[in-house]
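Presented below is the structure to which this report refers.
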Amino acid sequence: NREKQDILEPLPDWKKEDLKDVVLHSHYISPPSAKIRVILNHYGVPYTVINGVKKDSKYKKIPVILLNGRQINDSHIIVKNLAPILDGKQLTKELIEIEDIFTYGAMISLEADTAGNCSDLCKCACLVGGCVGCLLCSLSCFLCCFGKKIVIGKKDIKSVSAYGAILAEKLNGKPFFHGSEPGIVDVSIYGGLMSFIKAGNHSSEVFLESGMRPWYSRMKGKVTADM
């Protein structure tokens, strides 16, 4: 499947215990990859991680997941297809919209703000570590000059604070997006935020202060899985 495009053939009626062979192509600091790892860790799904893109695939982005040999691309589509397996039911239209807003809006806005901030790029470099982290840190002042424009491109992206407010409103007084208890969309958003928060990026604070901090505080008490 292409980005934003659902898989052509629906998955079998699998339950969590049917997931015998799960492989995730990802990168440690990638927010879309982090959110899928947090979901798998939270729900206790054993999986193998391969760092980087799937080399024999036409799809050259991450994350890519293989569930018992079935390849699914794009973190939004992965979440949508994991929902009935891990939560026992399909996502509602409202939950699909919330996941869409975060994946294709808020997360890109967070990435763009990070890419345009020299200090935040250095913090990400520390999180990456090793030679790649050192290189990113040394180039951070150069990269931040045009990083935000590259991330956003021609996409119609709102500010981080605007997305925080939009998602806070979508809670509509509920403790979690799924209701009284968190579901896969809650875990997805929590996981997607984790790399920004772990790095100590300013953009994540802006997002939380836009109405999402009470939800985040509740999620910290519910999700112990790391990325």
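Residue numbering restarts at 1 in every chain; chains get A, B, ... in the order shown in the structure tokens, and ligands count up from 1 in that same order.
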
Task: DSSP strand (DSSP E) residues within segment 61-101 of chain A, as a list of chain:residue names - done: A:Val64, A:Ile65, A:Leu66, A:Leu67, A:Arg70, A:Gln71, A:Ile72, A:Asn73

TODO: Give me the residues within 9 Å of segment 8-11 of chain A as a PyMOL selection string, counting only C-alpha atoms and dropping any in the same chain fewer than 6 places off.
DONE: chain A and resi 1+70+81

Store the residues picked out above, limited to all heavy atoms, as an mmCIF file, in the first residue's frame.
```cif
data_model
loop_
_atom_site.group_PDB
_atom_site.id
_atom_site.type_symbol
_atom_site.label_atom_id
_atom_site.label_comp_id
_atom_site.auth_asym_id
_atom_site.auth_seq_id
_atom_site.Cartn_x
_atom_site.Cartn_y
_atom_site.Cartn_z
ATOM 1 N N ASN A 1 0.830 -1.204 0.000
ATOM 2 C CA ASN A 1 0.000 0.000 0.000
ATOM 3 C C ASN A 1 0.864 1.254 0.000
ATOM 4 O O ASN A 1 1.942 1.281 0.586
ATOM 5 C CB ASN A 1 -0.927 0.021 1.222
ATOM 6 C CG ASN A 1 -0.188 0.042 2.555
ATOM 7 O OD1 ASN A 1 0.434 -0.943 2.938
ATOM 8 N ND2 ASN A 1 -0.240 1.155 3.249
ATOM 9 N N ARG A 70 2.545 -10.472 5.949
ATOM 10 C CA ARG A 70 1.755 -9.444 5.256
ATOM 11 C C ARG A 70 2.352 -8.065 5.526
ATOM 12 O O ARG A 70 2.422 -7.633 6.671
ATOM 13 C CB ARG A 70 0.295 -9.479 5.733
ATOM 14 C CG ARG A 70 -0.506 -10.677 5.262
ATOM 15 C CD ARG A 70 -0.863 -10.604 3.782
ATOM 16 N NE ARG A 70 -1.567 -9.381 3.452
ATOM 17 C CZ ARG A 70 -2.895 -9.243 3.559
ATOM 18 N NH1 ARG A 70 -3.643 -10.241 4.013
ATOM 19 N NH2 ARG A 70 -3.481 -8.115 3.216
ATOM 20 N N ASN A 81 -5.003 -1.075 11.024
ATOM 21 C CA ASN A 81 -5.115 -2.521 10.830
ATOM 22 C C ASN A 81 -4.775 -3.326 12.086
ATOM 23 O O ASN A 81 -5.215 -4.467 12.226
ATOM 24 C CB ASN A 81 -4.236 -2.958 9.658
ATOM 25 C CG ASN A 81 -4.869 -2.657 8.309
ATOM 26 O OD1 ASN A 81 -5.683 -3.414 7.817
ATOM 27 N ND2 ASN A 81 -4.512 -1.511 7.736
#
```

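Of the residues listed (A:Tyr190, A:Ala112, A:Gly173, A:Val223), A:Ala112 shows the shortest atom-to-atom separation from His202 of chain A; distances use only C-alpha atoms.
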
Open item on the list: Write out as a list in words the set of residues from segment 74-108 of chain A that DSSP, computed on the backbone, places in helix (DSSP H, G or I).
Closed with: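 Helix (DSSP H, G or I) assignments inside segment 74-108 of chain A correspond to Ser75, His76, Ile77, Ile78, Val79, Lys80, Asn81, Leu82, Ala83, Pro84, Ile85, Leu86, Lys93, Glu94, Leu95, Ile96, Glu97, Ile98, Glu99, Asp100, Ile101, Phe102, Thr103, Tyr104, Gly105, Ala106, Met107 and Ile108 of chain A.
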
Open item on the list: Just want the 9 Å neighbourhood of segment 30-36 of chain A, counted on only C-alpha atoms, with same-chain residues fewer than 4 positions away dropped. Output as a VMD selection string.
Closed with: chain A and resid 24 to 26 40 to 41 62 to 65 74 to 76 78 to 79 103 107 111 187 to 196 226 to 227

Task: Residue among A:Ala115, A:Phe176, A:Glu205, A:Ile197 lying closest to Arg218 of chain A, counting only C-alpha atoms - done: A:Phe176

TODO: Mind checking which residues fall within 12 Å of Tyr163 of chain A, counting only C-alpha atoms, ignoring those fewer than 2 positions away in the same chain, and posting them as an MDAnalysis selection string?
DONE: chainID A and resid 98:110 157:161 165:170 203:204 206:212
